[in-house]
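Chemist: Attaching a single structure in structure tokens format; questions to follow.
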Protein chains: 2
Amino acid sequence: MAATLHDVARLAGVSIKTVSNVINDYPHVRPATREKVQTAIAELGYTPNLTARNLRSGRTGAIALAVPDLALSYFAELAAHVIAEAERAGVVVLVEQTDGDRDRELELLQSPRLKLTDGLIFSALGMGQEDAAALAVDYPLVLLGERIFDPSVDHVTMRNVDAARAATEYLITSGRRRIAVIGAHEGEVIGSAGLRLQGHLEALEAAGIPFDPQLVAHTTLWHRANGANAMRELLDRGVGFDAVFGLNDTLALGAMRVLQVSGRRVPEDVAVIGFDDLDEAEYSIPSLTTVDPGQKWIARTAVQRLLEKIADADAAGTPRLQLADFRIAERESAPAA
Amino acid sequence: MAATLHDVARLAGVSIKTVSNVINDYPHVRPATREKVQTAIAELGYTPNLTARNLRSGRTGAIALAVPDLALSYFAELAAHVIAEAERAGVVVLVEQTDGDRDRELELLQSPRLKLTDGLIFSALGMGQEDAAALAVDYPLVLLGERIFDPSVDHVTMRNVDAARAATEYLITSGRRRIAVIGAHEGEVIGSAGLRLQGHLEALEAAGIPFDPQLVAHTTLWHRANGANAMRELLDRGVGFDAVFGLNDTLALGAMRVLQVSGRRVPEDVAVIGFDDLDEAEYSIPSLTTVDPGQKWIARTAVQRLLEKIADADAAGTPRLQLADFRIAERESAPAA
DNA sequence: TTACCTCCCTACAACGTTGTAACCTGCGTT
DNA sequence: AACGCAGGTTACAACGTTGTAGGGAGGTAA
């Protein structure tokens, strides 16, 4: 079907290796020969068979990105950044969805499908610290997220505790005292929920505000519906509050909607802050004050680090934990003062 | 590094072909031999080298999906459905972003990177009818979107005209007469904007409502900001309207926000309808009435059609245009009556 | 002239897999 | 006893590419 080196070689009247040399810009080829070959390539519309090339080289020119679900805006935006950065490096991205399911994540790490790629950027959600051993794989791996921290694996993520502390400090500075938290996970210590809650508690303590467990609403997932339900639960509980910290933007947006439907004004009656700085945070009503955790930097850094390891695992040195800078994106739902 | 058939064969004391036969469930292998081989496989942790297998078979087990930008919710949700369906078929998905840029789209169609895949699901946004010839590629292709219609290429998409007509009819039935349209593209005939506008005009005509060009706001892109800007422009123009048809949900949400900020009540003063039925349509305030154009069906059908063509291009028969069913998802921003 | 070096090019093997053809063994049939 | 056949296994080639080694032609230096 498609033309091969052999076809080009035959047409140009040279050996296949010469054609290969032309394609790979090997210097010692006579200009006349080079031109002959290039004419033949053009005539046949030859393009190299990457599979064969990969078999020879042991590289595929592709990396895998595993995320829970692209329908979640956070991961969609992450994937967009990863793909863009990979393209800059001439590498292509294969996207896998795990649904944040522990078993599927564990299975994926061993999947022969990864053989189509040179390495994996892995955003774990279902696995936990006890699964750290499963990360000891024989291919280049960069870990995202905060479900597992292990010094033996490269890891790029955000400063969850610091950023969450800053979010709560921001609310406190603006005069709020009763801050509800949406999206906590019962008993979790490591993980986005646990870490962000920890940051929240640290900020309370630093400000001398006693912690009221009644103000915490737990959810299993972090979808809008969960945020909405959690807020309904808080309102039903009848506990008073003057601010809400959604542990991510989606939760915050869902909660904000219920708040408004219930007649509360945002931010007058209740200030709302989120976490992630999704595109949509800018366009909600009111627009959502949130923490920008440096997602783009994370994506770029993860790709670069993975490519380093692929290029030369030894030269890449020991595994690193790299943390993004964060900032508060101040918008209407929680004005500064 | 990784174990190969040779290693397994040596350990098991058989030929590599026998190992290959065991792996591929070739029937004529003595149980004792089979077991010996399987033990060796387990011991070495052997997994097949897919690149080599692909080189032999001419298949890669991967398909490519090209979309403008994963950060756009519509395409993120599309990709999520495509990946899920592909996984069901044991196929992996490589995602490319074109930014909706015509040149990048044309380049992608010829890119040797596609050699890593067996076929392409291509969501064109920048190319137009005049580029139809570029779709005559030598690999299996399924086209999405409505920028190009060509009988010689497989195409899965939505009933834009019918669905848009239904949206406008819905507004008219609920008593609205002055319907603003957000997101039109100047002079476009084919393309989502052109087709949806056409459906809108058909509905107006059928209802005997004269068309007022003042009610149409043009935008280049379909982001929230564009919807917001377009609505500001309409308000500045001072033209009266009692309903808004956002040509997609993102535009509608952006527009709705500006409407509310300006003091209009939705839906009392102005009803708003969108198009796409994004997840977030359900959680805006008010929740967004919109057209569900059958995106999930489109994704599944596109994958299945592509796999048919990959399996046997001849048996797949002549190219088909397949259109999804649509429905109006009735929510708060535009009640039925 | 001889020796050597550089430039240009080629033959061959190899990457890891699977299809093809063929081989050997043992059994049942004639 | 000779034959055929099926089951179980193997050697070999091939997929399309690139690295290695080497060969021939021509130039330069001794």
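Residues are referred to by chain and number: the chain letter is A, B, ... according to the order shown in the structure tokens, the number counts from 1 in that chain, and ligands are numbered separately from 1 in the order shown.
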Counting only C-alpha atoms (C1' of nucleotides), collect the residues of chain C whose closest atom lies at most 7 Å from chain B, and write them out as a PyMOL selection string.
Modeler: chain C and resi 16-18
Chemist: Quick one: residues within 12 Å of DT10 in chain C, only C-alpha atoms (C1' of nucleotides) counted, chain neighbours fewer than 6 positions away excluded, as a list of chain:residue names?
Modeler: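 In the requested form, the answer reads A:Ala9, A:Val14, A:Ser15, A:Ile16, A:Lys17, A:Thr18, A:Val19, A:Asn21, D:DT20, D:DA21, D:DG22, D:DG23, D:DG24.
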Chemist: With C-alpha atoms (C1' of nucleotides) retained, export the selected residues as a PDB file, in the first residue's frame.
Modeler:
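The resulting file, selection12.pdb, is reproduced below:
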ATOM      1  CA  ALA A   9      15.308   3.072  -3.447  1.00  0.00           C
ATOM      2  CA  VAL A  14      20.113   3.539  -4.999  1.00  0.00           C
ATOM      3  CA  SER A  15      20.209   1.297  -1.942  1.00  0.00           C
ATOM      4  CA  ILE A  16      17.617   1.592   0.779  1.00  0.00           C
ATOM      5  CA  LYS A  17      20.269   2.678   3.205  1.00  0.00           C
ATOM      6  CA  THR A  18      21.076   5.656   1.050  1.00  0.00           C
ATOM      7  CA  VAL A  19      17.455   6.658   1.101  1.00  0.00           C
ATOM      8  CA  ASN A  21      20.594   8.396   4.994  1.00  0.00           C
TER       9      ASN A  21
ATOM     10  C1'  DT D  20      27.739  -1.479  11.649  1.00  0.00           C
ATOM     11  C1'  DA D  21      31.112  -2.799   8.806  1.00  0.00           C
ATOM     12  C1'  DG D  22      33.097  -2.546   4.777  1.00  0.00           C
ATOM     13  C1'  DG D  23      34.022  -1.645  -0.311  1.00  0.00           C
ATOM     14  C1'  DG D  24      35.166   1.174  -4.356  1.00  0.00           C
TER      15       DG D  24
END
Chemist: Enumerate as a ChimeraX atom specification the residues belonging to chain B that approach chain A to within 7 Å, with only C-alpha atoms taken into account.
Modeler: /B:47,49-52,54-55,69-71,76-77,80,93-95,112,115-116,224,254,257,283-285
Chemist: Please tabulate, as CSV, the residues of chain D that come within 9 Å of chain A, each with its closest pair of atoms and the distance in Å to one decimal, counting only C-alpha atoms (C1' of nucleotides) and ordering rows by chain, then residue number upward.
Modeler:
residue,atom,partner,partner_atom,distance
D:DC15,C1',A:Ala52,CA,7.9
D:DG16,C1',A:Ala52,CA,5.0
D:DT17,C1',A:Arg53,CA,4.9
D:DT18,C1',A:Arg56,CA,6.6
Chemist: Could the residues in this selection be saved with N, CA and C atoms (P, O5', C5', C4', C3', O3' and C1' of nucleotides) as a PDB file, in the first residue's frame?
Modeler:
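Result written to again_16.pdb:
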ATOM      1  P    DC D  15       8.279  -7.946   3.501  1.00  0.00           P
ATOM      2  O5'  DC D  15       7.468  -7.064   4.533  1.00  0.00           O
ATOM      3  C5'  DC D  15       6.209  -7.393   5.087  1.00  0.00           C
ATOM      4  C4'  DC D  15       6.049  -6.614   6.365  1.00  0.00           C
ATOM      5  C3'  DC D  15       6.798  -5.283   6.358  1.00  0.00           C
ATOM      6  O3'  DC D  15       5.901  -4.259   5.951  1.00  0.00           O
ATOM      7  C1'  DC D  15       7.111  -6.480   8.437  1.00  0.00           C
ATOM      8  P    DG D  16       6.352  -3.296   4.693  1.00  0.00           P
ATOM      9  O5'  DG D  16       7.402  -2.318   5.379  1.00  0.00           O
ATOM     10  C5'  DG D  16       6.919  -1.356   6.297  1.00  0.00           C
ATOM     11  C4'  DG D  16       8.096  -0.687   6.967  1.00  0.00           C
ATOM     12  C3'  DG D  16       9.052   0.036   6.014  1.00  0.00           C
ATOM     13  O3'  DG D  16       9.223   1.353   6.492  1.00  0.00           O
ATOM     14  C1'  DG D  16      10.240  -1.408   7.455  1.00  0.00           C
ATOM     15  P    DT D  17      10.187   2.406   5.834  1.00  0.00           P
ATOM     16  O5'  DT D  17      11.377   2.437   6.875  1.00  0.00           O
ATOM     17  C5'  DT D  17      11.148   2.980   8.163  1.00  0.00           C
ATOM     18  C4'  DT D  17      12.183   2.467   9.144  1.00  0.00           C
ATOM     19  C3'  DT D  17      13.589   3.028   8.939  1.00  0.00           C
ATOM     20  O3'  DT D  17      13.712   4.202   9.737  1.00  0.00           O
ATOM     21  C1'  DT D  17      13.593   0.690   9.541  1.00  0.00           C
ATOM     22  P    DT D  18      15.020   5.114   9.538  1.00  0.00           P
ATOM     23  O5'  DT D  18      16.125   4.292  10.342  1.00  0.00           O
ATOM     24  C5'  DT D  18      16.098   4.278  11.758  1.00  0.00           C
ATOM     25  C4'  DT D  18      17.287   3.471  12.263  1.00  0.00           C
ATOM     26  C3'  DT D  18      18.652   4.120  11.995  1.00  0.00           C
ATOM     27  O3'  DT D  18      19.442   3.900  13.159  1.00  0.00           O
ATOM     28  C1'  DT D  18      18.610   1.960  11.074  1.00  0.00           C
TER      29       DT D  18
END
Chemist: State, in Å with one decimal place, the distance from CA of Asp162 in chain B to CA of Gly199 in chain B.
Modeler: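 Distance between the two atoms: 6.0 Å.
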Chemist: Let's see if you can do this: from backbone DSSP, list all helix (DSSP H, G or I) residues in range 58-239 of chain A, as a VMD selection string.
Modeler: chain A and resid 73 to 88 102 to 110 112 to 116 129 to 135 160 to 173 192 to 207 213 to 215 224 to 237
Chemist: Got a sec: who's within 7 Å of range 315-321 of chain B, counting only C-alpha atoms (C1' of nucleotides), leaving out chain neighbours fewer than 4 positions off, as a PyMOL selection string?
Modeler: chain B and resi 151-156+308-309
Chemist: Next, dump the selected residues to file, keeping only C-alpha atoms, as a CSV table (one decimal), in the first residue's frame.
Modeler:
chain,number,residue,atom,x,y,z
B,151,PRO,CA,-20.3,12.3,0.1
B,152,SER,CA,-17.0,10.5,-0.3
B,153,VAL,CA,-16.1,10.6,3.4
B,154,ASP,CA,-17.7,9.0,6.4
B,155,HIS,CA,-19.4,11.6,8.6
B,156,VAL,CA,-21.1,11.5,11.9
B,308,GLU,CA,-15.4,-1.1,11.0
B,309,LYS,CA,-13.4,0.6,8.4
